Structures are given as C-alpha cells and as structure tokens.
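Peer 1: My questions all concern the structure below.
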Amino acid sequence: MNDRPTGAAGIGRSGAGARPVQPVTYVATASPAARYALVPATRLSLEAVARRSGLHPDLVRRFVALGLVDAERDAVGHLVFDRDAPAVLARIQRLRSGLCLNYASIGLVLDLLDRISLLETALRGRGTRSDTPPWT
C-alpha cells in the first residue's frame, strides 16, 4: 500500500489502473487580432489628435499644410503625429483667440517662443552669473 493520499489528478496512485502524470500545457485562447500594448503608442493618428484637441480633422490637416504642426506619413499614407501634437494645437488656438493673430503670424510667434525657451534653458544650464549687473 501507498501512504500518500490520492488526489484528483491521480497523484500517488499505484497499480495497474494508475495513469502517468502528464505535464500541463497552457494554450493561449486570444486571437491573433487581439493585441495589448505594454508601452503607450508614441504616435497618434489624425482622428486621435482631432478628438483630443477638439478640432475638426480638416483644420488639423490645414495646420499641417501651413507647417504649424509637425506630422509624418505612415506606410499606408495616413498622417501620424507626436504625442505632444494636441498641446501644440491648443497653443495655436490660444494664440489665435487671445491675440487675434492670423496663421502666418502664429507660425512666427511659435518659432520665437521656441527660441526663447531654448535660450532660457541654456542660461539655466550654465548655472553661472556674469559679473556685470543686469540691464534692468
């Protein structure tokens, strides 16, 4: 006799009726079409950008044509945007409504604001002050 208890899987059975223990194999039941991203997508589609910014997709396309928003084409030919595109579009809308600027001047203002932020970052990174007093 065997002192081991018999379980539901037949562990501990001995004798003629004992089945050998088979290793359990797990089969994935998800279809190949179901994909779950472990990392957030780095690019956004035109529809996603339009939905997040609250603008019509045609207006977003016009901003791309004017060079106000950077976009690329994917393999199929659709526009894809960086993750910061909705923030850029919101900035454009604020300049348009707050300062009543046309789109050509908005491009110029955006370039100037980007240059100012780069200069401020460079000054902060230096961490040194000059011996001359500030002009103000």
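Labels used: A, B, ... for chains in the order of the structure tokens, numbers from 1 for residues in each chain, and numbers from 1 for ligands as shown.
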Show which residues sit within 12 Å of stretch 106-119 of chain A, as a list in words. Count only C-alpha atoms, and ignore same-chain residues fewer than 3 positions away.
Peer 2: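 Skipping anything fewer than 3 positions along the chain leaves Phe63, Val64, Ala65, Leu66, Gly67, Leu68, Val69, Asp70, Val88, Leu89, Arg91, Ile92, Gln93, Arg94, Leu95, Arg96, Ser97, Gly98, Leu99, Cys100, Leu101, Asn102, Tyr103, Ala122, Leu123, Arg124, Gly125 and Arg126 of chain A.
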Peer 1: Excluding same-chain residues fewer than 5 positions from A:Thr42, what lies within 10 Å of it counting only C-alpha atoms, as an NGL selection string?
Peer 2: :A and (80-84)
Peer 1: Could you save the residues just selected, with N, CA and C atoms, as an mmCIF file, in the first residue's frame?
Peer 2:
```cif
data_model
loop_
_atom_site.group_PDB
_atom_site.id
_atom_site.type_symbol
_atom_site.label_atom_id
_atom_site.label_comp_id
_atom_site.auth_asym_id
_atom_site.auth_seq_id
_atom_site.Cartn_x
_atom_site.Cartn_y
_atom_site.Cartn_z
ATOM 1 N N VAL A 80 0.428 60.790 -39.125
ATOM 2 C CA VAL A 80 0.680 60.392 -37.740
ATOM 3 C C VAL A 80 1.420 61.535 -37.062
ATOM 4 N N PHE A 81 1.120 61.739 -35.772
ATOM 5 C CA PHE A 81 1.618 62.880 -35.028
ATOM 6 C C PHE A 81 2.373 62.416 -33.788
ATOM 7 N N ASP A 82 3.218 63.303 -33.264
ATOM 8 C CA ASP A 82 3.853 63.060 -31.974
ATOM 9 C C ASP A 82 2.807 63.179 -30.884
ATOM 10 N N ARG A 83 3.175 62.695 -29.693
ATOM 11 C CA ARG A 83 2.233 62.738 -28.569
ATOM 12 C C ARG A 83 1.960 64.161 -28.096
ATOM 13 N N ASP A 84 2.828 65.121 -28.415
ATOM 14 C CA ASP A 84 2.622 66.490 -27.963
ATOM 15 C C ASP A 84 1.822 67.337 -28.956
#
```
Peer 1: How many Å separate atom CA of A:Glu72 from atom CA of A:Ser105?
Peer 2: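 Atom CA of A:Ser105 lies 23.2 Å from atom CA of A:Glu72.
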Peer 1: As an mmCIF file with C-alpha atoms, in the first residue's frame, please: every residue in stretch 31-131 of chain A that a backbone DSSP assignment puts in strand (DSSP E).
Peer 2:
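File out_14.cif, as written:
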```
data_model
loop_
_atom_site.group_PDB
_atom_site.id
_atom_site.type_symbol
_atom_site.label_atom_id
_atom_site.label_comp_id
_atom_site.auth_asym_id
_atom_site.auth_seq_id
_atom_site.Cartn_x
_atom_site.Cartn_y
_atom_site.Cartn_z
ATOM 1 C CA ARG A 43 2.413 58.236 -32.412
ATOM 2 C CA LEU A 44 -1.158 59.452 -32.695
ATOM 3 C CA SER A 45 -3.471 59.213 -35.668
ATOM 4 C CA ALA A 71 3.298 65.297 -38.878
ATOM 5 C CA GLU A 72 4.597 62.369 -40.864
ATOM 6 C CA ARG A 73 3.024 59.782 -43.123
ATOM 7 C CA LEU A 79 -0.916 61.318 -41.064
ATOM 8 C CA VAL A 80 0.680 60.392 -37.740
ATOM 9 C CA PHE A 81 1.618 62.880 -35.028
ATOM 10 C CA ASP A 82 3.853 63.060 -31.974
#
```
Peer 1: Give me, please, the distance in Å between atom CA of A:His56 and atom CA of A:Ala87, quoted to one decimal.
Peer 2: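 So the answer is 15.3 Å.
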Peer 1: Point out the residue among A:Gly127, A:Leu46, A:Arg62, A:Thr121 with the least atom-to-atom distance to A:Gly77, counting only C-alpha atoms.
Peer 2: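 Closest residue, counting only C-alpha atoms: A:Leu46.
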Peer 1: Just the number, please: distance in Å from atom CA of A:Arg51 to atom CA of A:Ala75, one decimal.
Peer 2: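 For atom CA of A:Arg51 relative to atom CA of A:Ala75, the distance reads 22.4 Å.
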